[in-house]
>>> print(open('work_31.cif').read())   # mmCIF, C-alpha atoms
data_data
loop_
_atom_site.group_PDB
_atom_site.id
_atom_site.type_symbol
_atom_site.label_atom_id
_atom_site.label_comp_id
_atom_site.auth_asym_id
_atom_site.auth_seq_id
_atom_site.Cartn_x
_atom_site.Cartn_y
_atom_site.Cartn_z
ATOM 1 C CA MET A 1286 20.469 -89.942 -67.185
ATOM 2 C CA LYS A 1287 21.498 -86.781 -69.014
ATOM 3 C CA LYS A 1288 18.516 -87.199 -71.325
ATOM 4 C CA LEU A 1289 16.198 -87.562 -68.342
ATOM 5 C CA ALA A 1290 17.599 -84.432 -66.677
ATOM 6 C CA LEU A 1291 17.196 -82.510 -69.920
ATOM 7 C CA ALA A 1292 13.610 -83.687 -70.246
ATOM 8 C CA VAL A 1293 12.855 -82.581 -66.680
ATOM 9 C CA VAL A 1294 14.431 -79.174 -67.278
ATOM 10 C CA MET A 1295 12.514 -78.744 -70.525
ATOM 11 C CA THR A 1296 9.265 -79.767 -68.874
ATOM 12 C CA MET A 1297 9.864 -77.321 -66.043
ATOM 13 C CA ALA A 1298 10.753 -74.548 -68.483
ATOM 14 C CA SER A 1299 7.668 -75.303 -70.511
ATOM 15 C CA SER A 1300 5.491 -75.239 -67.388
ATOM 16 C CA PHE A 1301 7.074 -71.991 -66.280
ATOM 17 C CA CYS A 1302 6.341 -70.420 -69.660
ATOM 18 C CA ALA A 1303 2.785 -71.659 -69.494
ATOM 19 C CA MET A 1304 2.395 -70.219 -65.985
ATOM 20 C CA ALA A 1305 3.870 -66.921 -67.116
ATOM 21 C CA ALA A 1306 1.447 -66.852 -70.025
ATOM 22 C CA ASN A 1307 -1.438 -67.753 -67.722
ATOM 23 C CA ASP A 1308 -0.588 -64.787 -65.571
ATOM 24 C CA VAL A 1309 -1.584 -62.439 -68.348
ATOM 25 C CA THR A 1310 -4.268 -64.284 -70.268
ATOM 26 C CA LYS A 1311 -7.015 -63.036 -67.944
ATOM 27 C CA SER A 1312 -7.570 -59.497 -66.761
ATOM 28 C CA PRO A 1313 -6.217 -58.096 -64.565
ATOM 29 C CA PRO A 1314 -2.612 -59.208 -65.068
ATOM 30 C CA THR A 1315 -0.493 -59.319 -61.930
ATOM 31 C CA ALA A 1316 2.010 -56.620 -60.907
ATOM 32 C CA PRO A 1317 3.945 -54.835 -62.249
ATOM 33 C CA TYR A 1318 1.160 -54.372 -64.799
ATOM 34 C CA GLN A 1319 -1.248 -51.538 -64.032
ATOM 35 C CA GLN A 1320 -4.473 -50.418 -65.653
ATOM 36 C CA VAL A 1321 -3.636 -47.674 -68.155
ATOM 37 C CA SER A 1322 -6.843 -45.734 -67.448
ATOM 38 C CA LYS A 1323 -5.717 -45.428 -63.818
ATOM 39 C CA LEU A 1324 -2.287 -44.152 -64.818
ATOM 40 C CA VAL A 1325 -3.361 -41.547 -67.358
ATOM 41 C CA LYS A 1326 -6.608 -39.913 -68.334
ATOM 42 C CA LEU A 1327 -7.894 -42.213 -71.054
ATOM 43 C CA PRO A 1328 -11.148 -44.144 -71.464
ATOM 44 C CA ASP A 1329 -10.970 -47.530 -69.732
ATOM 45 C CA PHE A 1330 -11.944 -49.394 -72.902
ATOM 46 C CA LEU A 1331 -10.440 -48.104 -76.137
ATOM 47 C CA PRO A 1332 -12.376 -48.994 -79.302
ATOM 48 C CA GLY A 1333 -10.153 -51.126 -81.512
ATOM 49 C CA MET A 1334 -7.742 -52.000 -78.715
ATOM 50 C CA GLY A 1335 -9.621 -52.944 -75.553
ATOM 51 C CA GLN A 1336 -8.779 -52.493 -71.885
ATOM 52 C CA LEU A 1337 -5.058 -51.795 -71.574
ATOM 53 C CA PHE A 1338 -2.508 -52.668 -68.892
ATOM 54 C CA VAL A 1339 1.174 -51.752 -68.828
ATOM 55 C CA ASP A 1340 4.184 -51.868 -66.544
ATOM 56 C CA PRO A 1341 4.904 -48.103 -66.171
ATOM 57 C CA ALA A 1342 8.641 -48.822 -66.090
ATOM 58 C CA THR A 1343 8.462 -49.977 -69.708
ATOM 59 C CA LEU A 1344 6.886 -46.796 -71.139
ATOM 60 C CA PRO A 1345 6.600 -45.713 -73.835
ATOM 61 C CA ALA A 1346 7.291 -48.977 -75.682
ATOM 62 C CA GLY A 1347 5.417 -51.373 -73.440
ATOM 63 C CA PRO A 1348 4.273 -54.131 -73.881
ATOM 64 C CA PHE A 1349 0.687 -53.032 -73.321
ATOM 65 C CA LEU A 1350 -1.655 -55.955 -72.708
ATOM 66 C CA ALA A 1351 -5.111 -55.541 -74.219
ATOM 67 C CA TYR A 1352 -8.230 -57.386 -73.012
ATOM 68 C CA ASP A 1353 -11.747 -57.788 -74.360
ATOM 69 C CA HIS A 1354 -14.996 -57.114 -72.460
ATOM 70 C CA ASP A 1355 -14.781 -60.593 -70.899
ATOM 71 C CA GLY A 1356 -11.284 -59.951 -69.579
ATOM 72 C CA LYS A 1357 -9.574 -62.226 -72.107
ATOM 73 C CA LEU A 1358 -6.225 -61.227 -73.594
ATOM 74 C CA VAL A 1359 -6.574 -60.271 -77.247
ATOM 75 C CA SER A 1360 -3.322 -58.519 -78.089
ATOM 76 C CA THR A 1361 0.060 -57.275 -76.954
ATOM 77 C CA ILE A 1362 0.836 -53.769 -78.179
ATOM 78 C CA TYR A 1363 4.146 -51.922 -78.430
ATOM 79 C CA MET A 1364 4.143 -48.156 -78.886
ATOM 80 C CA LEU A 1365 7.281 -46.891 -80.605
ATOM 81 C CA PRO A 1366 7.745 -43.098 -80.971
ATOM 82 C CA ILE A 1367 8.429 -42.188 -84.589
ATOM 83 C CA LYS A 1368 11.295 -39.916 -83.531
ATOM 84 C CA ASP A 1369 12.977 -42.925 -81.915
ATOM 85 C CA LEU A 1370 12.983 -44.946 -85.099
ATOM 86 C CA ASN A 1371 16.412 -43.708 -86.113
ATOM 87 C CA PRO A 1372 19.947 -45.051 -86.470
ATOM 88 C CA ASP A 1373 20.850 -44.220 -82.853
ATOM 89 C CA LYS A 1374 17.966 -45.904 -81.076
ATOM 90 C CA ARG A 1375 16.942 -49.515 -80.646
ATOM 91 C CA PHE A 1376 14.138 -51.333 -78.893
ATOM 92 C CA ASP A 1377 15.629 -54.630 -77.796
ATOM 93 C CA ASN A 1378 14.325 -57.522 -75.745
ATOM 94 C CA LEU A 1379 10.815 -56.208 -75.287
ATOM 95 C CA ALA A 1380 8.791 -58.645 -73.211
ATOM 96 C CA ALA A 1381 6.240 -60.777 -75.049
ATOM 97 C CA PRO A 1382 4.233 -62.550 -72.341
ATOM 98 C CA GLY A 1383 1.010 -63.099 -74.279
ATOM 99 C CA GLY A 1384 1.710 -66.483 -75.881
ATOM 100 C CA ASN A 1385 0.855 -67.488 -79.439
ATOM 101 C CA VAL A 1386 0.543 -64.769 -82.051
ATOM 102 C CA ASP A 1387 -2.074 -65.169 -84.781
ATOM 103 C CA HIS A 1388 -1.152 -62.114 -86.838
ATOM 104 C CA VAL A 1389 0.441 -58.665 -86.536
ATOM 105 C CA ASP A 1390 -0.745 -55.124 -87.278
ATOM 106 C CA VAL A 1391 1.449 -52.033 -87.506
ATOM 107 C CA TYR A 1392 -0.030 -48.561 -87.809
ATOM 108 C CA TYR A 1393 0.574 -44.901 -87.071
ATOM 109 C CA ASN A 1394 -0.946 -43.243 -84.003
ATOM 110 C CA ALA A 1395 -0.990 -39.479 -83.510
ATOM 111 C CA GLY A 1396 -0.539 -39.759 -79.744
ATOM 112 C CA HIS A 1397 -2.535 -39.985 -76.534
ATOM 113 C CA PRO A 1398 -2.008 -39.442 -72.810
ATOM 114 C CA GLY A 1399 0.913 -41.618 -71.774
ATOM 115 C CA VAL A 1400 2.621 -41.475 -75.179
ATOM 116 C CA GLU A 1401 2.126 -37.841 -76.178
ATOM 117 C CA VAL A 1402 3.993 -37.964 -79.477
ATOM 118 C CA PRO A 1403 3.268 -39.569 -82.831
ATOM 119 C CA HIS A 1404 4.206 -43.219 -82.630
ATOM 120 C CA ALA A 1405 3.726 -46.603 -84.250
ATOM 121 C CA HIS A 1406 1.479 -49.247 -82.731
ATOM 122 C CA LEU A 1407 2.917 -52.720 -83.259
ATOM 123 C CA VAL A 1408 0.098 -55.112 -82.367
ATOM 124 C CA LEU A 1409 0.616 -58.839 -81.774
ATOM 125 C CA TRP A 1410 -2.884 -60.292 -82.017
ATOM 126 C CA HIS A 1411 -3.464 -63.441 -79.974
ATOM 127 C CA VAL A 1412 -6.865 -63.933 -81.611
ATOM 128 C CA SER A 1413 -7.977 -64.342 -85.209
ATOM 129 C CA VAL A 1414 -8.726 -61.432 -87.511
ATOM 130 C CA ALA A 1415 -12.435 -62.167 -87.105
ATOM 131 C CA ASP A 1416 -12.115 -62.064 -83.312
ATOM 132 C CA GLU A 1417 -10.683 -58.550 -83.414
ATOM 133 C CA ALA A 1418 -14.376 -57.631 -83.345
ATOM 134 C CA ARG A 1419 -14.331 -58.458 -79.616
ATOM 135 C CA VAL A 1420 -12.603 -55.126 -78.989
ATOM 136 C CA ALA A 1421 -14.077 -53.110 -81.845
ATOM 137 C CA LYS A 1422 -16.459 -51.243 -79.535
ATOM 138 C CA MET B 110 -12.230 -13.911 -70.737
ATOM 139 C CA THR B 111 -14.432 -16.224 -68.750
ATOM 140 C CA LEU B 112 -13.632 -19.882 -68.257
ATOM 141 C CA THR B 113 -16.262 -22.369 -67.280
ATOM 142 C CA ARG B 114 -15.639 -25.627 -65.518
ATOM 143 C CA ARG B 115 -15.899 -28.840 -67.458
ATOM 144 C CA GLU B 116 -19.274 -30.303 -68.049
ATOM 145 C CA ILE B 117 -20.261 -33.752 -69.139
ATOM 146 C CA LEU B 118 -22.776 -33.697 -71.916
ATOM 147 C CA GLY B 119 -25.605 -36.128 -72.019
ATOM 148 C CA ALA B 120 -26.172 -38.280 -75.041
ATOM 149 C CA GLY B 121 -26.617 -36.081 -78.049
ATOM 150 C CA GLY B 122 -25.555 -33.030 -76.124
ATOM 151 C CA GLY B 123 -27.585 -30.700 -78.304
ATOM 152 C CA LEU B 124 -24.669 -30.397 -80.671
ATOM 153 C CA ALA B 125 -26.728 -31.018 -83.760
ATOM 154 C CA ALA B 126 -28.797 -27.982 -82.989
ATOM 155 C CA LEU B 127 -25.655 -25.913 -82.760
ATOM 156 C CA SER B 128 -23.960 -27.052 -85.933
ATOM 157 C CA LEU B 129 -21.811 -24.317 -87.309
ATOM 158 C CA SER B 130 -22.614 -21.973 -90.084
ATOM 159 C CA SER B 131 -21.414 -18.471 -90.745
ATOM 160 C CA SER B 132 -24.636 -17.020 -89.432
ATOM 161 C CA ALA B 133 -24.395 -19.064 -86.223
ATOM 162 C CA VAL B 134 -20.969 -17.636 -85.516
ATOM 163 C CA TRP B 135 -22.393 -14.157 -85.483
ATOM 164 C CA SER B 136 -25.668 -14.953 -83.765
ATOM 165 C CA GLY B 137 -24.371 -14.683 -80.212
ATOM 166 C CA GLU B 138 -24.809 -18.390 -79.515
ATOM 167 C CA ILE B 139 -22.067 -20.551 -78.103
ATOM 168 C CA VAL B 140 -19.738 -21.553 -80.909
ATOM 169 C CA GLU B 141 -19.011 -25.274 -80.979
ATOM 170 C CA ILE B 142 -15.643 -26.834 -81.795
ATOM 171 C CA GLU B 143 -15.438 -30.608 -81.967
ATOM 172 C CA MET B 144 -12.407 -32.632 -80.905
ATOM 173 C CA GLN B 145 -12.340 -35.466 -83.374
ATOM 174 C CA GLY B 146 -10.232 -38.438 -84.335
ATOM 175 C CA ARG B 147 -10.166 -41.716 -86.162
ATOM 176 C CA ASN B 148 -10.809 -44.801 -84.050
ATOM 177 C CA ASP B 149 -7.272 -46.083 -84.557
ATOM 178 C CA GLY B 150 -5.838 -42.741 -83.431
ATOM 179 C CA SER B 151 -4.032 -42.197 -86.712
ATOM 180 C CA GLN B 152 -5.625 -38.779 -87.225
ATOM 181 C CA VAL B 153 -6.905 -36.201 -84.752
ATOM 182 C CA TRP B 154 -8.229 -32.701 -85.293
ATOM 183 C CA PHE B 155 -10.284 -29.729 -84.158
ATOM 184 C CA ASP B 156 -13.356 -29.023 -86.270
ATOM 185 C CA PRO B 157 -13.410 -26.260 -87.307
ATOM 186 C CA ILE B 158 -9.702 -25.537 -87.099
ATOM 187 C CA GLY B 159 -10.171 -21.786 -87.577
ATOM 188 C CA ILE B 160 -13.066 -19.573 -86.609
ATOM 189 C CA LEU B 161 -14.043 -15.939 -86.347
ATOM 190 C CA VAL B 162 -16.155 -14.948 -83.330
ATOM 191 C CA LYS B 163 -17.507 -11.763 -81.807
ATOM 192 C CA LEU B 164 -16.155 -10.028 -78.749
ATOM 193 C CA ASP B 165 -17.684 -11.565 -75.587
ATOM 194 C CA GLN B 166 -18.768 -14.668 -77.479
ATOM 195 C CA ALA B 167 -18.278 -18.102 -75.910
ATOM 196 C CA VAL B 168 -16.598 -21.057 -77.562
ATOM 197 C CA ARG B 169 -17.203 -24.616 -76.379
ATOM 198 C CA TRP B 170 -14.928 -27.542 -77.198
ATOM 199 C CA THR B 171 -16.379 -31.051 -76.912
ATOM 200 C CA ASN B 172 -14.499 -34.329 -77.181
ATOM 201 C CA LEU B 173 -16.415 -36.455 -79.681
ATOM 202 C CA ASN B 174 -13.566 -38.925 -80.134
ATOM 203 C CA PRO B 175 -14.614 -42.139 -78.330
ATOM 204 C CA GLY B 176 -11.120 -43.581 -78.106
ATOM 205 C CA ASN B 177 -8.963 -40.678 -77.007
ATOM 206 C CA SER B 178 -8.570 -37.769 -74.602
ATOM 207 C CA HIS B 179 -7.931 -34.233 -75.775
ATOM 208 C CA THR B 180 -7.160 -30.804 -74.359
ATOM 209 C CA THR B 181 -7.697 -27.259 -75.538
ATOM 210 C CA THR B 182 -4.697 -25.338 -74.293
ATOM 211 C CA ALA B 183 -3.754 -21.762 -75.147
ATOM 212 C CA TYR B 184 -0.263 -20.936 -76.356
ATOM 213 C CA SER B 185 0.857 -18.920 -73.374
ATOM 214 C CA PRO B 186 3.855 -18.865 -71.036
ATOM 215 C CA LYS B 187 1.384 -19.769 -68.304
ATOM 216 C CA ASN B 188 0.918 -23.176 -69.933
ATOM 217 C CA SER B 189 4.250 -24.943 -69.462
ATOM 218 C CA GLY B 190 6.182 -21.903 -70.710
ATOM 219 C CA ARG B 191 4.782 -22.130 -74.213
ATOM 220 C CA PRO B 192 5.264 -19.101 -76.523
ATOM 221 C CA LEU B 193 2.626 -16.367 -76.380
ATOM 222 C CA ARG B 194 0.307 -16.641 -79.351
ATOM 223 C CA MET B 195 -2.671 -14.731 -78.029
ATOM 224 C CA PRO B 196 -3.348 -11.139 -76.893
ATOM 225 C CA ARG B 197 -1.170 -10.117 -73.953
ATOM 226 C CA ALA B 198 -4.128 -8.763 -72.028
ATOM 227 C CA ALA B 199 -6.208 -11.923 -72.387
ATOM 228 C CA LYS B 200 -6.332 -14.705 -69.838
ATOM 229 C CA SER B 201 -4.919 -18.035 -70.968
ATOM 230 C CA TRP B 202 -6.792 -21.328 -70.619
ATOM 231 C CA ASP B 203 -6.113 -25.025 -70.298
ATOM 232 C CA SER B 204 -8.978 -27.504 -70.182
ATOM 233 C CA ASP B 205 -6.842 -30.389 -68.869
ATOM 234 C CA TYR B 206 -7.703 -33.753 -70.425
ATOM 235 C CA LEU B 207 -11.295 -34.020 -71.616
ATOM 236 C CA MET B 208 -12.639 -37.542 -71.754
ATOM 237 C CA PRO B 209 -15.120 -38.543 -74.492
ATOM 238 C CA GLY B 210 -18.334 -36.558 -74.035
ATOM 239 C CA GLU B 211 -16.777 -33.866 -71.840
ATOM 240 C CA SER B 212 -16.644 -30.226 -72.827
ATOM 241 C CA PHE B 213 -14.950 -26.974 -71.850
ATOM 242 C CA SER B 214 -15.916 -23.380 -72.582
ATOM 243 C CA VAL B 215 -14.152 -20.038 -72.823
ATOM 244 C CA THR B 216 -15.710 -16.594 -73.322
ATOM 245 C CA PHE B 217 -13.436 -14.228 -75.233
ATOM 246 C CA THR B 218 -13.383 -10.690 -73.910
ATOM 247 C CA GLU B 219 -10.262 -9.373 -75.671
ATOM 248 C CA GLN B 220 -10.045 -8.748 -79.387
ATOM 249 C CA GLY B 221 -7.242 -10.572 -81.129
ATOM 250 C CA VAL B 222 -5.871 -13.808 -82.528
ATOM 251 C CA TYR B 223 -5.691 -16.847 -80.265
ATOM 252 C CA ASP B 224 -3.786 -20.040 -81.078
ATOM 253 C CA TYR B 225 -4.284 -23.187 -79.066
ATOM 254 C CA TYR B 226 -3.305 -26.849 -79.154
ATOM 255 C CA CYS B 227 -4.097 -30.295 -77.817
ATOM 256 C CA ILE B 228 -1.362 -31.377 -75.392
ATOM 257 C CA PRO B 229 -0.964 -35.018 -76.484
ATOM 258 C CA HIS B 230 -1.468 -34.198 -80.157
ATOM 259 C CA GLU B 231 0.425 -30.977 -80.815
ATOM 260 C CA HIS B 232 3.171 -32.941 -82.583
ATOM 261 C CA ALA B 233 0.519 -34.432 -84.843
ATOM 262 C CA GLY B 234 -0.671 -30.938 -85.814
ATOM 263 C CA MET B 235 -3.814 -30.805 -83.665
ATOM 264 C CA VAL B 236 -3.987 -27.035 -83.229
ATOM 265 C CA GLY B 237 -6.587 -24.355 -83.807
ATOM 266 C CA ARG B 238 -6.953 -20.613 -84.254
ATOM 267 C CA ILE B 239 -9.706 -18.300 -83.056
ATOM 268 C CA ILE B 240 -10.015 -14.692 -84.151
ATOM 269 C CA VAL B 241 -12.033 -12.406 -81.928
ATOM 270 C CA GLY B 242 -13.380 -9.211 -83.458
ATOM 271 C CA GLU B 243 -11.249 -7.544 -86.101
ATOM 272 C CA PRO B 244 -7.587 -7.669 -85.091
ATOM 273 C CA GLU B 245 -4.627 -6.539 -87.157
ATOM 274 C CA ALA B 246 -4.078 -9.342 -89.652
ATOM 275 C CA ASN B 247 -0.412 -8.852 -90.492
ATOM 276 C CA GLY B 248 2.590 -9.806 -88.439
ATOM 277 C CA TRP B 249 0.736 -10.443 -85.232
ATOM 278 C CA THR B 250 2.811 -13.474 -84.257
ATOM 279 C CA LYS B 251 5.988 -11.451 -84.651
ATOM 280 C CA LEU B 252 4.633 -8.844 -82.273
ATOM 281 C CA ALA B 253 3.313 -11.409 -79.838
ATOM 282 C CA GLY B 254 6.435 -13.379 -79.653
ATOM 283 C CA ALA B 255 6.922 -16.517 -81.450
ATOM 284 C CA ASP B 256 7.030 -19.608 -83.459
ATOM 285 C CA ASP B 257 9.861 -20.754 -81.196
ATOM 286 C CA GLY B 258 9.547 -24.300 -80.054
ATOM 287 C CA LEU B 259 6.428 -25.151 -82.003
ATOM 288 C CA PRO B 260 6.533 -28.436 -83.886
ATOM 289 C CA GLU B 261 6.645 -28.099 -87.649
ATOM 290 C CA GLU B 262 3.403 -30.074 -87.946
ATOM 291 C CA ALA B 263 1.638 -27.543 -85.709
ATOM 292 C CA LEU B 264 2.970 -24.515 -87.608
ATOM 293 C CA LYS B 265 1.868 -26.037 -90.905
ATOM 294 C CA ALA B 266 -1.641 -26.732 -89.626
ATOM 295 C CA PHE B 267 -2.719 -23.209 -88.605
ATOM 296 C CA PRO B 268 -5.131 -21.589 -91.054
ATOM 297 C CA THR B 269 -4.116 -18.090 -92.047
ATOM 298 C CA VAL B 270 -5.648 -15.073 -90.343
ATOM 299 C CA GLU B 271 -6.672 -13.792 -93.757
ATOM 300 C CA ASP B 272 -8.496 -17.023 -94.599
ATOM 301 C CA ILE B 273 -10.419 -17.013 -91.330
ATOM 302 C CA MET B 274 -11.313 -13.332 -91.733
ATOM 303 C CA ALA B 275 -12.568 -14.004 -95.247
ATOM 304 C CA LYS B 276 -14.504 -17.234 -94.605
ATOM 305 C CA GLY B 277 -15.527 -17.009 -90.952
ATOM 306 C CA ILE B 278 -15.042 -20.751 -90.552
ATOM 307 C CA VAL B 279 -12.106 -22.831 -91.788
ATOM 308 C CA ARG B 280 -12.218 -26.593 -91.672
ATOM 309 C CA ARG B 281 -9.314 -28.977 -91.875
ATOM 310 C CA ALA B 282 -8.239 -29.694 -95.451
#
>>> encode(input="work_31.cif", output="structure tokens")
Amino acid sequence: MKKLALAVVMTMASSFCAMAANDVTKSPPTAPYQQVSKLVKLPDFLPGMGQLFVDPATLPAGPFLAYDHDGKLVSTIYMLPIKDLNPDKRFDNLAAPGGNVDHVDVYYNAGHPGVEVPHAHLVLWHVSVADEARVAK
Amino acid sequence: MTLTRREILGAGGGLAALSLSSSAVWSGEIVEIEMQGRNDGSQVWFDPIGILVKLDQAVRWTNLNPGNSHTTTAYSPKNSGRPLRMPRAAKSWDSDYLMPGESFSVTFTEQGVYDYYCIPHEHAGMVGRIIVGEPEANGWTKLAGADDGLPEEALKAFPTVEDIMAKGIVRRA
């Protein structure tokens, strides 16, 4: 009986996770996510990243959800100010709603509206390296 | 100083015809400054970063960076209380965010040295310097007021007044 209950709970948890992932796999993701280009003055589609959505309450770190021209999720991006990468600051328990990660990129960004200081982009790609081309332009 | 409202340039924008050379700076045409950046946002800059122009000459900044927004904003107490790094008698300017393809112009009617920055990229050293006419080269920032509060990256990026006076145009190293 205990095994059955555990199986039911695990199935429910698995379904819930799948539902949560489904919520963000297609653009636009549901609230609290908002389109970045409607929050700050930035192009709607950013070459190399895609169309971005973020929950404003999570700024600057994010996660930012990035979609291709067909509205499919391609990556989850975290933006970590360089000045905050120090012994007195931590970024814990950042949400990761995008599902499976194929590979990860980390690179420096000089800043942009919304995160107006130099910061690191930590990119969890949900597509293959070859499919990064979907957001190249 | 005359400020013009933003304008969206059509494809091409005629920029090629206005590419900078020393003679162009002194020809009375609008002087062009490009707002540029790498696609991944790792580097951003004004090109040229330093320039010498005539009194009453216009300068036009255009955002040619497809993946980012930029501003041209004078160092002036009128812009968020920033230190004065331009002639006291001159009017300050702030373009607000320029999207890719947008431009903003200023006509300089006071001789002197003008420093400006890009709001989201000042900490990455995206600043520029314009010299109008033939101002006093030495100690002008001390007289004007200040390095106070400027990020180290910005202070390091300014070309020297002497270099701009000698070359007319200074590009980013």
>>> interface_residues(input="work_31.cif", of="chain A", to="chain B", cutoff="10 Å", atoms="all atoms listed in the file", output="count of residues only")
28
>>> atom_distance(input="work_31.cif", atom1="CA of Pro157 in chain B", atom2="CA of Gly237 in chain B")
7.9 Å
>>> resolve_selection(input="work_31.cif", expression="the PyMOL selection byres ((chain B and resi 155) around 6)", output="list of chain:residue names")
B:Glu143, B:Met144, B:Trp154, B:Asp156, B:Pro157, B:Ile158
>>> closest_residue(input="work_31.cif", among="B:Glu211, B:Glu219, B:Glu138, B:Asp224", to="Leu259 in chain B", atoms="only C-alpha atoms")
B:Asp224
>>> atom_distance(input="work_31.cif", atom1="CA of Phe213 in chain B", atom2="CA of Lys187 in chain B")
18.2 Å
>>> atom_distance(input="work_31.cif", atom1="CA of Glu271 in chain B", atom2="CA of Thr171 in chain B")
26.0 Å
>>> closest_residue(input="work_31.cif", among="A:Asn1378, A:Asn1371, A:Ser1312, A:Thr1361", to="Val1391 in chain A", atoms="all atoms listed in the file")
A:Thr1361
>>> build_atoms(input="work_31.cif", residues="range 259-278 of chain B", atoms="N, CA and C atoms", output="tab-separated table (two decimals), in the frame of the given file")
chain	number	residue	atom	x	y	z
B	259	LEU	N	7.61	-24.45	-81.52
B	259	LEU	CA	6.43	-25.15	-82.00
B	259	LEU	C	6.84	-26.23	-83.01
B	260	PRO	N	6.21	-27.39	-82.90
B	260	PRO	CA	6.53	-28.44	-83.89
B	260	PRO	C	6.15	-27.99	-85.29
B	261	GLU	N	6.91	-28.44	-86.26
B	261	GLU	CA	6.64	-28.10	-87.65
B	261	GLU	C	5.22	-28.46	-88.06
B	262	GLU	N	4.76	-29.63	-87.59
B	262	GLU	CA	3.40	-30.07	-87.95
B	262	GLU	C	2.35	-29.09	-87.45
B	263	ALA	N	2.59	-28.51	-86.26
B	263	ALA	CA	1.64	-27.54	-85.71
B	263	ALA	C	1.66	-26.27	-86.53
B	264	LEU	N	2.86	-25.76	-86.84
B	264	LEU	CA	2.97	-24.52	-87.61
B	264	LEU	C	2.32	-24.64	-88.99
B	265	LYS	N	2.45	-25.83	-89.58
B	265	LYS	CA	1.87	-26.04	-90.90
B	265	LYS	C	0.34	-26.09	-90.86
B	266	ALA	N	-0.20	-26.47	-89.71
B	266	ALA	CA	-1.64	-26.73	-89.63
B	266	ALA	C	-2.49	-25.48	-89.43
B	267	PHE	N	-1.90	-24.40	-88.87
B	267	PHE	CA	-2.72	-23.21	-88.60
B	267	PHE	C	-3.29	-22.62	-89.89
B	268	PRO	N	-4.59	-22.34	-89.92
B	268	PRO	CA	-5.13	-21.59	-91.05
B	268	PRO	C	-4.66	-20.14	-90.96
B	269	THR	N	-4.60	-19.47	-92.08
B	269	THR	CA	-4.12	-18.09	-92.05
B	269	THR	C	-5.19	-17.17	-91.46
B	270	VAL	N	-4.72	-16.08	-90.88
B	270	VAL	CA	-5.65	-15.07	-90.34
B	270	VAL	C	-6.53	-14.56	-91.47
B	271	GLU	N	-5.93	-14.33	-92.62
B	271	GLU	CA	-6.67	-13.79	-93.76
B	271	GLU	C	-7.80	-14.74	-94.18
B	272	ASP	N	-7.50	-16.03	-94.20
B	272	ASP	CA	-8.50	-17.02	-94.60
B	272	ASP	C	-9.67	-17.06	-93.61
B	273	ILE	N	-9.34	-16.99	-92.34
B	273	ILE	CA	-10.42	-17.01	-91.33
B	273	ILE	C	-11.26	-15.74	-91.43
B	274	MET	N	-10.57	-14.60	-91.62
B	274	MET	CA	-11.31	-13.33	-91.73
B	274	MET	C	-12.24	-13.35	-92.95
B	275	ALA	N	-11.77	-13.99	-94.02
B	275	ALA	CA	-12.57	-14.00	-95.25
B	275	ALA	C	-13.73	-14.99	-95.17
B	276	LYS	N	-13.50	-16.15	-94.57
B	276	LYS	CA	-14.50	-17.23	-94.60
B	276	LYS	C	-15.34	-17.35	-93.33
B	277	GLY	N	-14.82	-16.87	-92.22
B	277	GLY	CA	-15.53	-17.01	-90.95
B	277	GLY	C	-15.26	-18.35	-90.28
B	278	ILE	N	-15.29	-19.40	-91.07
B	278	ILE	CA	-15.04	-20.75	-90.55
B	278	ILE	C	-14.08	-21.45	-91.50
